[in-house]
>>> print(open('protein.cif').read())   # mmCIF, C-alpha atoms, pLDDT in the B column; chains and numbers go by the auth columns
data_run
#
loop_
_atom_site.group_PDB
_atom_site.id
_atom_site.type_symbol
_atom_site.label_atom_id
_atom_site.label_comp_id
_atom_site.label_asym_id
_atom_site.label_seq_id
_atom_site.Cartn_x
_atom_site.Cartn_y
_atom_site.Cartn_z
_atom_site.B_iso_or_equiv
_atom_site.auth_seq_id
_atom_site.auth_asym_id
ATOM 1 C CA MET A 1 98.513 63.038 93.442 44.00 1 A
ATOM 2 C CA ALA A 2 97.073 59.622 93.798 41.00 2 A
ATOM 3 C CA LYS A 3 93.743 57.891 93.761 41.00 3 A
ATOM 4 C CA GLY A 4 92.527 54.934 95.701 39.00 4 A
ATOM 5 C CA GLY A 5 89.620 53.100 97.277 39.00 5 A
ATOM 6 C CA THR A 6 86.479 54.740 98.540 43.00 6 A
ATOM 7 C CA LEU A 7 85.848 52.568 101.603 40.00 7 A
ATOM 8 C CA PHE A 8 87.395 54.128 104.675 46.00 8 A
ATOM 9 C CA ASN A 9 87.231 50.912 106.670 49.00 9 A
ATOM 10 C CA LEU A 10 89.702 49.279 104.282 53.00 10 A
ATOM 11 C CA ARG A 11 93.369 50.070 103.865 61.00 11 A
ATOM 12 C CA PRO A 12 93.555 52.060 100.626 65.00 12 A
ATOM 13 C CA LYS A 13 95.906 51.180 97.817 75.00 13 A
ATOM 14 C CA PHE A 14 96.986 54.340 96.050 81.00 14 A
ATOM 15 C CA THR A 15 98.251 54.501 92.496 88.00 15 A
ATOM 16 C CA PRO A 16 99.862 57.652 91.046 91.00 16 A
ATOM 17 C CA VAL A 17 97.736 59.974 88.932 93.00 17 A
ATOM 18 C CA TYR A 18 98.264 63.558 87.796 93.00 18 A
ATOM 19 C CA LEU A 19 95.803 66.440 87.974 94.00 19 A
ATOM 20 C CA PHE A 20 96.034 69.205 85.369 94.00 20 A
ATOM 21 C CA LEU A 21 93.964 72.276 86.215 92.00 21 A
ATOM 22 C CA PHE A 22 93.271 74.783 83.444 90.00 22 A
ATOM 23 C CA ASN A 23 91.084 77.906 83.456 84.00 23 A
ATOM 24 C CA ASP A 24 87.889 75.925 82.918 87.00 24 A
ATOM 25 C CA LEU A 25 88.917 72.263 82.876 93.00 25 A
ATOM 26 C CA LEU A 26 90.301 69.612 85.227 95.00 26 A
ATOM 27 C CA ILE A 27 92.068 66.635 83.658 96.00 27 A
ATOM 28 C CA ILE A 28 92.973 63.430 85.508 96.00 28 A
ATOM 29 C CA ALA A 29 95.771 61.513 83.806 95.00 29 A
ATOM 30 C CA THR A 30 98.305 58.765 84.299 94.00 30 A
ATOM 31 C CA LYS A 31 101.900 58.959 83.168 92.00 31 A
ATOM 32 C CA LYS A 32 103.149 56.666 80.414 90.00 32 A
ATOM 33 C CA GLY A 33 106.850 57.009 79.850 85.00 33 A
ATOM 34 C CA SER A 34 108.938 60.051 80.678 83.00 34 A
ATOM 35 C CA GLU A 35 106.885 62.688 78.840 84.00 35 A
ATOM 36 C CA ARG A 36 103.609 61.040 77.835 92.00 36 A
ATOM 37 C CA PHE A 37 100.333 61.262 79.732 94.00 37 A
ATOM 38 C CA VAL A 38 97.085 59.372 79.159 95.00 38 A
ATOM 39 C CA VAL A 39 93.815 61.107 80.074 95.00 39 A
ATOM 40 C CA MET A 40 91.616 59.047 82.392 95.00 40 A
ATOM 41 C CA ASP A 41 88.831 61.532 83.028 96.00 41 A
ATOM 42 C CA HIS A 42 88.010 65.220 82.790 95.00 42 A
ATOM 43 C CA ALA A 43 85.302 67.698 83.782 95.00 43 A
ATOM 44 C CA HIS A 44 84.500 71.382 83.604 92.00 44 A
ATOM 45 C CA ARG A 45 86.139 73.174 86.512 89.00 45 A
ATOM 46 C CA SER A 46 82.814 74.414 87.888 86.00 46 A
ATOM 47 C CA LEU A 47 81.580 70.805 88.063 90.00 47 A
ATOM 48 C CA VAL A 48 84.388 69.705 90.380 92.00 48 A
ATOM 49 C CA GLN A 49 84.048 69.588 94.160 90.00 49 A
ATOM 50 C CA VAL A 50 86.953 69.045 96.546 90.00 50 A
ATOM 51 C CA GLN A 51 86.335 68.355 100.215 87.00 51 A
ATOM 52 C CA PRO A 52 88.616 67.274 103.058 85.00 52 A
ATOM 53 C CA ILE A 53 87.872 63.932 104.662 83.00 53 A
ATOM 54 C CA ARG A 54 86.415 63.797 108.169 73.00 54 A
ATOM 55 C CA GLU A 55 88.734 64.504 111.084 68.00 55 A
ATOM 56 C CA ASP A 56 88.360 61.007 112.533 66.00 56 A
ATOM 57 C CA GLN A 57 89.360 59.513 109.176 66.00 57 A
ATOM 58 C CA ALA A 58 92.283 61.920 108.775 60.00 58 A
ATOM 59 C CA LEU A 59 93.837 60.627 112.018 62.00 59 A
ATOM 60 C CA SER A 60 94.823 57.415 110.263 72.00 60 A
ATOM 61 C CA PRO A 61 98.308 57.591 108.662 74.00 61 A
ATOM 62 C CA SER A 62 96.852 55.924 105.565 76.00 62 A
ATOM 63 C CA TYR A 63 94.600 58.934 104.965 81.00 63 A
ATOM 64 C CA GLU A 64 97.091 61.706 105.695 83.00 64 A
ATOM 65 C CA HIS A 65 96.690 64.602 103.205 83.00 65 A
ATOM 66 C CA CYS A 66 93.668 62.876 101.629 89.00 66 A
ATOM 67 C CA PHE A 67 90.623 64.583 100.149 90.00 67 A
ATOM 68 C CA CYS A 68 87.495 63.619 98.254 91.00 68 A
ATOM 69 C CA LEU A 69 87.380 64.678 94.613 93.00 69 A
ATOM 70 C CA THR A 70 83.934 64.655 93.008 94.00 70 A
ATOM 71 C CA LEU A 71 83.258 65.219 89.324 94.00 71 A
ATOM 72 C CA LEU A 72 79.589 66.190 89.216 92.00 72 A
ATOM 73 C CA GLU A 73 79.588 65.413 85.500 93.00 73 A
ATOM 74 C CA ASN A 74 82.605 63.843 83.822 94.00 74 A
ATOM 75 C CA HIS A 75 83.289 63.361 80.111 93.00 75 A
ATOM 76 C CA GLN A 76 80.785 60.483 80.070 94.00 76 A
ATOM 77 C CA GLY A 77 78.062 62.569 81.698 93.00 77 A
ATOM 78 C CA ARG A 78 78.347 60.673 84.991 94.00 78 A
ATOM 79 C CA MET A 79 79.118 61.682 88.546 93.00 79 A
ATOM 80 C CA MET A 80 82.443 60.248 89.689 93.00 80 A
ATOM 81 C CA GLU A 81 83.959 60.282 93.179 92.00 81 A
ATOM 82 C CA ARG A 82 87.612 59.583 93.955 92.00 82 A
ATOM 83 C CA LEU A 83 89.719 59.487 97.079 91.00 83 A
ATOM 84 C CA MET A 84 92.878 61.477 96.404 91.00 84 A
ATOM 85 C CA LYS A 85 96.107 61.794 98.381 90.00 85 A
ATOM 86 C CA ALA A 86 98.125 65.000 98.103 89.00 86 A
ATOM 87 C CA PRO A 87 101.919 64.848 98.476 85.00 87 A
ATOM 88 C CA SER A 88 101.870 67.435 101.292 80.00 88 A
ATOM 89 C CA GLN A 89 99.578 69.424 103.567 76.00 89 A
ATOM 90 C CA SER A 90 100.166 72.605 101.560 75.00 90 A
ATOM 91 C CA ASP A 91 99.214 70.827 98.326 80.00 91 A
ATOM 92 C CA LEU A 92 96.061 69.584 100.021 82.00 92 A
ATOM 93 C CA HIS A 93 95.065 73.148 100.963 79.00 93 A
ATOM 94 C CA ARG A 94 95.787 74.388 97.434 80.00 94 A
ATOM 95 C CA TRP A 95 93.454 71.838 95.857 86.00 95 A
ATOM 96 C CA ILE A 96 90.688 72.530 98.359 82.00 96 A
ATOM 97 C CA ALA A 97 90.980 76.275 97.726 78.00 97 A
ATOM 98 C CA ALA A 98 90.905 75.845 93.935 82.00 98 A
ATOM 99 C CA PHE A 99 87.277 74.700 93.776 78.00 99 A
ATOM 100 C CA PRO A 100 83.914 76.073 94.946 62.00 100 A
ATOM 101 C CA ASN A 101 82.528 74.974 98.287 62.00 101 A
ATOM 102 C CA PRO A 102 79.163 73.168 97.886 55.00 102 A
ATOM 103 C CA GLY A 103 78.134 74.503 101.289 55.00 103 A
ATOM 104 C CA ASN A 104 78.120 78.090 99.978 52.00 104 A
ATOM 105 C CA PRO A 105 75.805 78.291 96.949 49.00 105 A
ATOM 106 C CA ASP A 106 75.526 81.548 95.018 48.00 106 A
ATOM 107 C CA GLY A 107 72.146 82.428 96.394 45.00 107 A
ATOM 108 C CA ASP A 108 73.327 82.693 100.011 47.00 108 A
ATOM 109 C CA GLU A 109 75.530 85.709 99.363 53.00 109 A
ATOM 110 C CA LYS A 110 74.463 89.354 99.271 62.00 110 A
ATOM 111 C CA GLU A 111 77.119 90.031 96.650 73.00 111 A
ATOM 112 C CA VAL A 112 78.214 87.348 94.225 82.00 112 A
ATOM 113 C CA ILE A 113 81.605 87.451 92.511 80.00 113 A
ATOM 114 C CA TYR A 114 82.205 85.078 89.605 83.00 114 A
ATOM 115 C CA GLU A 115 85.405 83.667 88.195 76.00 115 A
ATOM 116 C CA ASP A 116 85.971 84.612 84.551 71.00 116 A
ATOM 117 C CA TRP A 117 85.903 80.911 83.612 73.00 117 A
ATOM 118 C CA ASP A 118 82.442 80.396 85.134 75.00 118 A
ATOM 119 C CA CYS A 119 80.407 83.576 84.827 84.00 119 A
ATOM 120 C CA PRO A 120 76.864 84.086 83.550 88.00 120 A
ATOM 121 C CA GLN A 121 76.148 86.126 80.440 89.00 121 A
ATOM 122 C CA VAL A 122 73.490 88.757 79.875 92.00 122 A
ATOM 123 C CA GLN A 123 72.165 90.471 76.765 92.00 123 A
ATOM 124 C CA CYS A 124 71.183 94.116 76.693 96.00 124 A
ATOM 125 C CA VAL A 125 67.468 94.513 75.949 96.00 125 A
ATOM 126 C CA GLU A 126 67.203 98.256 76.570 96.00 126 A
ATOM 127 C CA GLN A 127 69.770 100.968 75.931 96.00 127 A
ATOM 128 C CA TYR A 128 71.643 102.294 78.940 95.00 128 A
ATOM 129 C CA ILE A 129 73.742 105.465 78.922 94.00 129 A
ATOM 130 C CA ALA A 130 76.548 105.474 81.483 92.00 130 A
ATOM 131 C CA GLN A 131 76.047 108.038 84.245 87.00 131 A
ATOM 132 C CA GLN A 132 79.412 107.544 85.947 85.00 132 A
ATOM 133 C CA ALA A 133 82.968 106.901 84.789 87.00 133 A
ATOM 134 C CA ASP A 134 82.886 103.309 86.068 88.00 134 A
ATOM 135 C CA GLU A 135 79.649 102.427 84.246 92.00 135 A
ATOM 136 C CA LEU A 136 79.083 100.812 80.850 95.00 136 A
ATOM 137 C CA THR A 137 77.028 102.314 78.063 95.00 137 A
ATOM 138 C CA LEU A 138 75.018 99.466 76.564 96.00 138 A
ATOM 139 C CA GLU A 139 73.168 99.073 73.295 96.00 139 A
ATOM 140 C CA PRO A 140 70.473 96.455 72.609 96.00 140 A
ATOM 141 C CA THR A 141 71.766 92.966 71.638 92.00 141 A
ATOM 142 C CA GLU A 142 75.208 93.533 73.205 93.00 142 A
ATOM 143 C CA ILE A 143 76.480 90.567 75.248 91.00 143 A
ATOM 144 C CA ILE A 144 78.186 91.053 78.608 91.00 144 A
ATOM 145 C CA ASN A 145 79.997 88.593 80.866 88.00 145 A
ATOM 146 C CA VAL A 146 78.855 89.250 84.440 92.00 146 A
ATOM 147 C CA VAL A 147 81.674 89.141 86.996 91.00 147 A
ATOM 148 C CA ARG A 148 79.778 90.587 89.960 90.00 148 A
ATOM 149 C CA LYS A 149 76.164 90.860 91.101 90.00 149 A
ATOM 150 C CA THR A 150 74.985 93.046 93.970 85.00 150 A
ATOM 151 C CA ASN A 151 71.730 93.051 95.914 79.00 151 A
ATOM 152 C CA GLU A 152 71.245 96.682 94.878 75.00 152 A
ATOM 153 C CA GLY A 153 70.225 95.834 91.322 83.00 153 A
ATOM 154 C CA LEU A 154 73.619 96.444 89.739 89.00 154 A
ATOM 155 C CA PHE A 155 75.836 94.118 87.728 93.00 155 A
ATOM 156 C CA GLU A 156 79.508 94.531 86.923 93.00 156 A
ATOM 157 C CA GLY A 157 80.499 92.998 83.646 93.00 157 A
ATOM 158 C CA ILE A 158 82.793 92.875 80.649 91.00 158 A
ATOM 159 C CA ARG A 159 81.361 93.719 77.238 92.00 159 A
ATOM 160 C CA LEU A 160 82.371 91.039 74.755 88.00 160 A
ATOM 161 C CA SER A 161 82.638 93.347 71.758 88.00 161 A
ATOM 162 C CA ASP A 162 85.507 95.444 73.123 88.00 162 A
ATOM 163 C CA GLY A 163 86.462 94.056 76.549 88.00 163 A
ATOM 164 C CA GLN A 164 85.319 97.184 78.404 92.00 164 A
ATOM 165 C CA LYS A 165 84.432 96.634 82.057 93.00 165 A
ATOM 166 C CA GLY A 166 81.868 98.532 84.100 93.00 166 A
ATOM 167 C CA TRP A 167 78.618 98.639 86.049 93.00 167 A
ATOM 168 C CA PHE A 168 75.073 98.665 84.674 93.00 168 A
ATOM 169 C CA PRO A 169 71.521 98.183 86.039 92.00 169 A
ATOM 170 C CA VAL A 170 69.986 94.731 85.968 93.00 170 A
ATOM 171 C CA GLU A 171 66.701 95.969 84.492 93.00 171 A
ATOM 172 C CA ASN A 172 68.414 96.799 81.194 95.00 172 A
ATOM 173 C CA VAL A 173 69.626 93.255 80.550 96.00 173 A
ATOM 174 C CA LEU A 174 68.317 89.714 80.358 94.00 174 A
ATOM 175 C CA GLU A 175 70.340 86.751 81.599 90.00 175 A
ATOM 176 C CA ILE A 176 71.112 84.168 78.957 86.00 176 A
ATOM 177 C CA THR A 177 70.288 80.610 79.965 75.00 177 A
ATOM 178 C CA ASN A 178 73.445 78.725 79.102 68.00 178 A
ATOM 179 C CA GLU A 179 75.941 76.180 80.395 75.00 179 A
ATOM 180 C CA HIS A 180 76.585 78.337 83.462 71.00 180 A
ATOM 181 C CA VAL A 181 72.985 77.841 84.596 70.00 181 A
ATOM 182 C CA ARG A 182 73.092 74.112 83.936 65.00 182 A
ATOM 183 C CA ARG A 183 76.347 73.724 85.886 77.00 183 A
ATOM 184 C CA ARG A 184 74.982 75.832 88.738 73.00 184 A
ATOM 185 C CA ASN A 185 71.934 73.552 88.937 63.00 185 A
ATOM 186 C CA LEU A 186 74.178 70.489 89.060 68.00 186 A
ATOM 187 C CA ARG A 187 76.166 72.010 91.926 79.00 187 A
ATOM 188 C CA GLU A 188 72.948 72.765 93.799 71.00 188 A
ATOM 189 C CA ARG A 189 71.724 69.204 93.267 70.00 189 A
ATOM 190 C CA TYR A 190 75.005 67.861 94.658 81.00 190 A
ATOM 191 C CA ARG A 191 74.713 70.140 97.705 79.00 191 A
ATOM 192 C CA VAL A 192 71.204 68.808 98.395 76.00 192 A
ATOM 193 C CA ILE A 193 72.413 65.209 98.061 78.00 193 A
ATOM 194 C CA GLN A 194 75.244 65.904 100.511 79.00 194 A
ATOM 195 C CA ALA A 195 72.847 67.489 103.015 79.00 195 A
ATOM 196 C CA ALA A 196 70.402 64.588 102.720 78.00 196 A
ATOM 197 C CA SER A 197 73.242 62.128 103.293 76.00 197 A
ATOM 198 C CA ILE A 198 74.223 63.884 106.521 71.00 198 A
ATOM 199 C CA VAL A 199 70.618 63.838 107.783 65.00 199 A
ATOM 200 C CA THR A 200 70.322 60.128 106.996 66.00 200 A
ATOM 201 C CA LYS A 201 73.510 59.338 108.917 61.00 201 A
ATOM 202 C CA VAL A 202 72.274 61.274 111.950 57.00 202 A
ATOM 203 C CA LYS A 203 68.950 59.426 111.938 56.00 203 A
ATOM 204 C CA THR A 204 70.638 56.027 111.776 57.00 204 A
ATOM 205 C CA LEU A 205 72.935 56.658 114.741 53.00 205 A
ATOM 206 C CA PRO A 206 71.972 54.542 117.785 56.00 206 A
#
>>> encode(input="protein.cif", output="C-alpha coordinates")
Amino acid sequence: MAKGGTLFNLRPKFTPVYLFLFNDLLIIATKKGSERFVVMDHAHRSLVQVQPIREDQALSPSYEHCFCLTLLENHQGRMMERLMKAPSQSDLHRWIAAFPNPGNPDGDEKEVIYEDWDCPQVQCVEQYIAQQADELTLEPTEIINVVRKTNEGLFEGIRLSDGQKGWFPVENVLEITNEHVRRRNLRERYRVIQAASIVTKVKTLP
(Lines of atoms letter the chains of each structure in order from A and count residues from 1; the text may use other names and numbers.)
(Lines give C-alpha, C1' and ligand atoms only; values in the text may rest on other atoms or scores of the structure.)
Protein backbone atom coordinates (compact mmCIF):
# COMPACT_ATOMS: atom_id res chain seq x y z
CA MET A 1 0.00 0.00 0.00
CA ALA A 2 1.05 3.54 -0.52
CA LYS A 3 -0.14 7.02 0.21
CA GLY A 4 0.22 10.17 -1.78
CA GLY A 5 -1.17 13.56 -2.71
CA THR A 6 -4.82 14.47 -2.65
CA LEU A 7 -4.94 16.72 -5.72
CA PHE A 8 -5.92 14.74 -8.77
CA ASN A 9 -4.68 17.39 -11.18
CA LEU A 10 -1.11 16.84 -9.98
CA ARG A 11 1.07 13.81 -10.55
CA PRO A 12 1.05 11.98 -7.22
CA LYS A 13 4.21 10.91 -5.46
CA PHE A 14 3.56 7.71 -3.56
CA THR A 15 5.56 6.53 -0.58
CA PRO A 16 5.18 3.00 0.86
CA VAL A 17 2.97 2.52 3.90
CA TYR A 18 1.45 -0.60 5.45
CA LEU A 19 -2.14 -1.14 6.55
CA PHE A 20 -2.83 -3.54 9.42
CA LEU A 21 -6.51 -4.43 9.81
CA PHE A 22 -7.62 -6.05 13.07
CA ASN A 23 -11.12 -6.96 14.28
CA ASP A 24 -11.88 -3.41 15.39
CA LEU A 25 -8.83 -1.33 14.46
CA LEU A 26 -7.01 -0.09 11.36
CA ILE A 27 -3.36 0.88 11.75
CA ILE A 28 -1.34 2.82 9.17
CA ALA A 29 2.40 2.31 9.57
CA THR A 30 5.73 2.74 7.85
CA LYS A 31 8.48 0.16 7.86
CA LYS A 32 11.75 0.89 9.64
CA GLY A 33 14.29 -1.84 9.11
CA SER A 34 13.52 -5.44 8.26
CA GLU A 35 11.06 -6.20 11.08
CA ARG A 36 10.19 -2.87 12.71
CA PHE A 37 7.12 -0.77 11.96
CA VAL A 38 6.28 2.75 13.14
CA VAL A 39 2.60 3.65 13.58
CA MET A 40 1.58 6.80 11.70
CA ASP A 41 -2.14 6.80 12.40
CA HIS A 42 -4.96 4.55 13.53
CA ALA A 43 -8.75 4.53 13.87
CA HIS A 44 -11.58 2.28 14.95
CA ARG A 45 -12.59 0.05 12.06
CA SER A 46 -16.15 1.39 12.00
CA LEU A 47 -14.78 4.92 11.55
CA VAL A 48 -12.94 4.06 8.34
CA GLN A 49 -14.40 4.62 4.88
CA VAL A 50 -12.88 3.28 1.67
CA GLN A 51 -14.13 4.44 -1.70
CA PRO A 52 -12.85 3.95 -5.25
CA ILE A 53 -11.80 7.05 -7.13
CA ARG A 54 -13.94 8.34 -10.00
CA GLU A 55 -13.79 6.48 -13.30
CA ASP A 56 -12.33 9.45 -15.17
CA GLN A 57 -9.53 9.70 -12.61
CA ALA A 58 -8.90 5.94 -12.68
CA LEU A 59 -8.13 6.11 -16.41
CA SER A 60 -4.80 7.76 -15.65
CA PRO A 61 -1.95 5.23 -15.17
CA SER A 62 -0.83 7.24 -12.14
CA TYR A 63 -4.09 6.41 -10.35
CA GLU A 64 -4.37 2.74 -11.28
CA HIS A 65 -5.63 0.67 -8.31
CA CYS A 66 -6.08 3.84 -6.23
CA PHE A 67 -8.75 4.46 -3.62
CA CYS A 68 -9.65 7.11 -1.07
CA LEU A 69 -9.14 6.15 2.56
CA THR A 70 -10.96 8.32 5.10
CA LEU A 71 -10.51 8.10 8.85
CA LEU A 72 -13.62 9.77 10.24
CA GLU A 73 -11.85 10.11 13.57
CA ASN A 74 -8.19 9.20 13.95
CA HIS A 75 -6.12 8.87 17.13
CA GLN A 76 -6.02 12.67 17.40
CA GLY A 77 -9.78 13.00 17.08
CA ARG A 78 -9.52 14.46 13.57
CA MET A 79 -10.86 13.43 10.19
CA MET A 80 -8.04 12.40 7.86
CA GLU A 81 -8.22 11.61 4.14
CA ARG A 82 -5.52 9.79 2.18
CA LEU A 83 -5.09 8.68 -1.40
CA MET A 84 -3.93 5.07 -1.36
CA LYS A 85 -2.58 2.84 -4.12
CA ALA A 86 -3.12 -0.91 -3.89
CA PRO A 87 -0.53 -3.26 -5.41
CA SER A 88 -3.18 -4.99 -7.56
CA GLN A 89 -6.81 -4.83 -8.64
CA SER A 90 -7.73 -7.74 -6.36
CA ASP A 91 -6.14 -5.99 -3.37
CA LEU A 92 -8.12 -2.88 -4.23
CA HIS A 93 -11.40 -4.84 -4.17
CA ARG A 94 -10.46 -6.48 -0.86
CA TRP A 95 -9.91 -3.13 0.86
CA ILE A 96 -13.13 -1.67 -0.52
CA ALA A 97 -15.09 -4.72 0.66
CA ALA A 98 -13.55 -4.60 4.15
CA PHE A 99 -15.28 -1.37 5.19
CA PRO A 100 -18.88 -0.11 5.36
CA ASN A 101 -20.30 1.84 2.45
CA PRO A 102 -21.34 5.38 3.51
CA GLY A 103 -24.08 5.28 0.88
CA ASN A 104 -25.91 2.50 2.76
CA PRO A 105 -26.59 3.67 6.33
CA ASP A 106 -28.18 1.28 8.81
CA GLY A 107 -31.55 2.93 8.70
CA ASP A 108 -32.15 2.19 5.01
CA GLU A 109 -32.32 -1.56 5.50
CA LYS A 110 -35.34 -3.61 6.57
CA GLU A 111 -33.02 -6.03 8.34
CA VAL A 112 -29.73 -4.90 9.80
CA ILE A 113 -26.85 -7.31 10.40
CA TYR A 114 -23.93 -6.11 12.51
CA GLU A 115 -20.33 -7.25 12.60
CA ASP A 116 -19.28 -8.57 16.02
CA TRP A 117 -16.66 -5.81 16.24
CA ASP A 118 -19.25 -3.05 15.77
CA CYS A 119 -22.57 -4.12 17.25
CA PRO A 120 -24.90 -2.26 19.60
CA GLN A 121 -25.61 -3.53 23.10
CA VAL A 122 -28.93 -3.80 24.91
CA GLN A 123 -29.85 -4.43 28.53
CA CYS A 124 -32.82 -6.53 29.55
CA VAL A 125 -35.38 -4.43 31.44
CA GLU A 126 -38.16 -7.03 31.62
CA GLN A 127 -37.88 -10.80 31.94
CA TYR A 128 -38.47 -12.83 28.79
CA ILE A 129 -39.02 -16.59 28.75
CA ALA A 130 -37.97 -18.27 25.51
CA GLN A 131 -40.90 -19.68 23.54
CA GLN A 132 -38.85 -21.41 20.84
CA ALA A 133 -35.58 -23.33 20.74
CA ASP A 134 -33.80 -20.50 18.91
CA GLU A 135 -34.85 -17.83 21.44
CA LEU A 136 -33.04 -16.47 24.49
CA THR A 137 -34.45 -16.43 27.99
CA LEU A 138 -33.52 -13.07 29.49
CA GLU A 139 -33.42 -11.78 33.03
CA PRO A 140 -33.38 -8.09 34.02
CA THR A 141 -29.94 -6.38 33.90
CA GLU A 142 -28.46 -8.96 31.50
CA ILE A 143 -26.41 -7.43 28.67
CA ILE A 144 -26.70 -8.69 25.09
CA ASN A 145 -24.67 -7.88 21.99
CA VAL A 146 -27.11 -7.39 19.11
CA VAL A 147 -25.97 -8.99 15.84
CA ARG A 148 -29.23 -8.64 13.90
CA LYS A 149 -32.29 -6.40 13.98
CA THR A 150 -35.49 -7.08 12.04
CA ASN A 151 -38.41 -4.81 11.20
CA GLU A 152 -40.69 -7.29 12.98
CA GLY A 153 -39.63 -6.22 16.46
CA LEU A 154 -37.12 -9.01 17.03
CA PHE A 155 -33.42 -8.85 17.82
CA GLU A 156 -30.86 -11.62 17.54
CA GLY A 157 -28.07 -11.34 20.03
CA ILE A 158 -25.37 -12.95 22.12
CA ARG A 159 -25.72 -12.87 25.90
CA LEU A 160 -22.46 -11.68 27.44
CA SER A 161 -22.71 -13.79 30.58
CA ASP A 162 -22.52 -17.16 28.82
CA GLY A 163 -22.17 -16.52 25.07
CA GLN A 164 -25.58 -18.00 24.24
CA LYS A 165 -27.11 -16.76 20.99
CA GLY A 166 -30.79 -16.37 20.20
CA TRP A 167 -33.78 -14.19 19.37
CA PHE A 168 -35.78 -11.97 21.73
CA PRO A 169 -38.40 -9.19 21.44
CA VAL A 170 -37.24 -5.59 21.35
CA GLU A 171 -39.79 -4.46 23.94
CA ASN A 172 -37.99 -6.43 26.66
CA VAL A 173 -34.68 -4.60 26.26
CA LEU A 174 -33.28 -1.09 26.19
CA GLU A 175 -30.43 -0.11 23.88
CA ILE A 176 -27.34 1.15 25.65
CA THR A 177 -26.00 4.43 24.31
CA ASN A 178 -22.33 3.72 23.83
CA GLU A 179 -19.43 4.08 21.40
CA HIS A 180 -21.42 2.24 18.73
CA VAL A 181 -23.98 5.05 18.66
CA ARG A 182 -21.32 7.73 18.57
CA ARG A 183 -19.49 6.02 15.70
CA ARG A 184 -22.76 5.52 13.82
CA ASN A 185 -23.49 9.25 14.14
CA LEU A 186 -20.04 10.08 12.79
CA ARG A 187 -20.62 7.82 9.79
CA GLU A 188 -23.97 9.49 9.14
CA ARG A 189 -22.37 12.94 9.36
CA TYR A 190 -19.73 11.88 6.83
CA ARG A 191 -22.44 10.56 4.48
CA VAL A 192 -24.26 13.91 4.65
CA ILE A 193 -21.02 15.80 3.94
CA GLN A 194 -20.35 13.59 0.92
CA ALA A 195 -23.88 14.13 -0.41
CA ALA A 196 -23.63 17.90 0.08
CA SER A 197 -20.30 17.92 -1.76
CA ILE A 198 -21.85 16.17 -4.76
CA VAL A 199 -24.75 18.65 -4.86
CA THR A 200 -22.33 21.59 -4.71
CA LYS A 201 -20.29 20.21 -7.61
CA VAL A 202 -23.42 19.77 -9.73
CA LYS A 203 -24.55 23.34 -9.05
CA THR A 204 -21.17 24.78 -10.02
CA LEU A 205 -21.00 22.99 -13.38
CA PRO A 206 -21.38 25.41 -16.32
>>> residues_around(input="protein.cif", residues="Val50 (chain A)", least_positions_apart="6", cutoff="7 Å", atoms="all atoms listed in the file", output="NGL selection string")
:A and (67-70 or 96 or 99)
>>> atom_distance(input="protein.cif", atom1="CA of Gln194 (chain A)", atom2="CA of Leu72 (chain A)")
12.1 Å
>>> atom_distance(input="protein.cif", atom1="CA of Leu138 (chain A)", atom2="CA of Asp116 (chain A)")
20.1 Å
>>> resolve_selection(input="protein.cif", expression="the PyMOL selection byres ((chain A and resi 119) around 8)", output="PyMOL selection string")
chain A and resi 114-118+120-121+145-147+180
>>> residues_around(input="protein.cif", residues="Val173 (chain A)", least_positions_apart="5", cutoff="6 Å", atoms="all atoms listed in the file", output="ChimeraX atom specification")
/A:122-125
>>> atom_distance(input="protein.cif", atom1="CA of Gly153 (chain A)", atom2="CA of Glu179 (chain A)")
23.2 Å
>>> closest_residue(input="protein.cif", among="A:Ala98, A:Ala196, A:Ile143, A:Ile176", to="Ser46 (chain A)", atoms="all atoms listed in the file")
A:Ala98
>>> resolve_selection(input="protein.cif", expression="the PyMOL selection byres ((chain A and resi 13-27) around 12)", output="PyMOL selection string")
chain A and resi 1-8+10-12+28-32+36-50+62-63+66+69-75+82-87+91+94-95+98-99+115-119+180
>>> residues_around(input="protein.cif", residues="Asp162 (chain A)", least_positions_apart="3", cutoff="12 Å", atoms="all atoms listed in the file", output="ChimeraX atom specification")
/A:136-138,142-145,157-159,165-166
>>> write_last_selection(input="protein.cif", atoms="C-alpha atoms", output="short mmCIF file (atom, residue, chain, number, x, y, z; two decimals), in the frame of the given file")
data_model
loop_
_atom_site.label_atom_id
_atom_site.label_comp_id
_atom_site.auth_asym_id
_atom_site.auth_seq_id
_atom_site.Cartn_x
_atom_site.Cartn_y
_atom_site.Cartn_z
CA LEU A 136 79.08 100.81 80.85
CA THR A 137 77.03 102.31 78.06
CA LEU A 138 75.02 99.47 76.56
CA GLU A 142 75.21 93.53 73.20
CA ILE A 143 76.48 90.57 75.25
CA ILE A 144 78.19 91.05 78.61
CA ASN A 145 80.00 88.59 80.87
CA GLY A 157 80.50 93.00 83.65
CA ILE A 158 82.79 92.88 80.65
CA ARG A 159 81.36 93.72 77.24
CA LYS A 165 84.43 96.63 82.06
CA GLY A 166 81.87 98.53 84.10
#
>>> closest_residue(input="protein.cif", among="A:Glu188, A:Glu152, A:Glu171, A:Glu111", to="Glu126 (chain A)", atoms="all atoms listed in the file")
A:Glu171
>>> axis_aligned_box(input="protein.cif", around="region 155-167 of chain A", padding_each_side="3 Å", output="JSON")
{"center_x": 81.1, "center_y": 94.8, "center_z": 79.7, "size_x": 16.6, "size_y": 13.6, "size_z": 22.0}
>>> residues_around(input="protein.cif", residues="Thr150 (chain A)", least_positions_apart="2", cutoff="9 Å", atoms="only C-alpha atoms", output="number ranges by chain")
A: 110-113, 148, 152-156
>>> closest_residue(input="protein.cif", among="A:Val181, A:Tyr190, A:Asn151, A:Ile198", to="Met80 (chain A)", atoms="all atoms listed in the file")
A:Tyr190
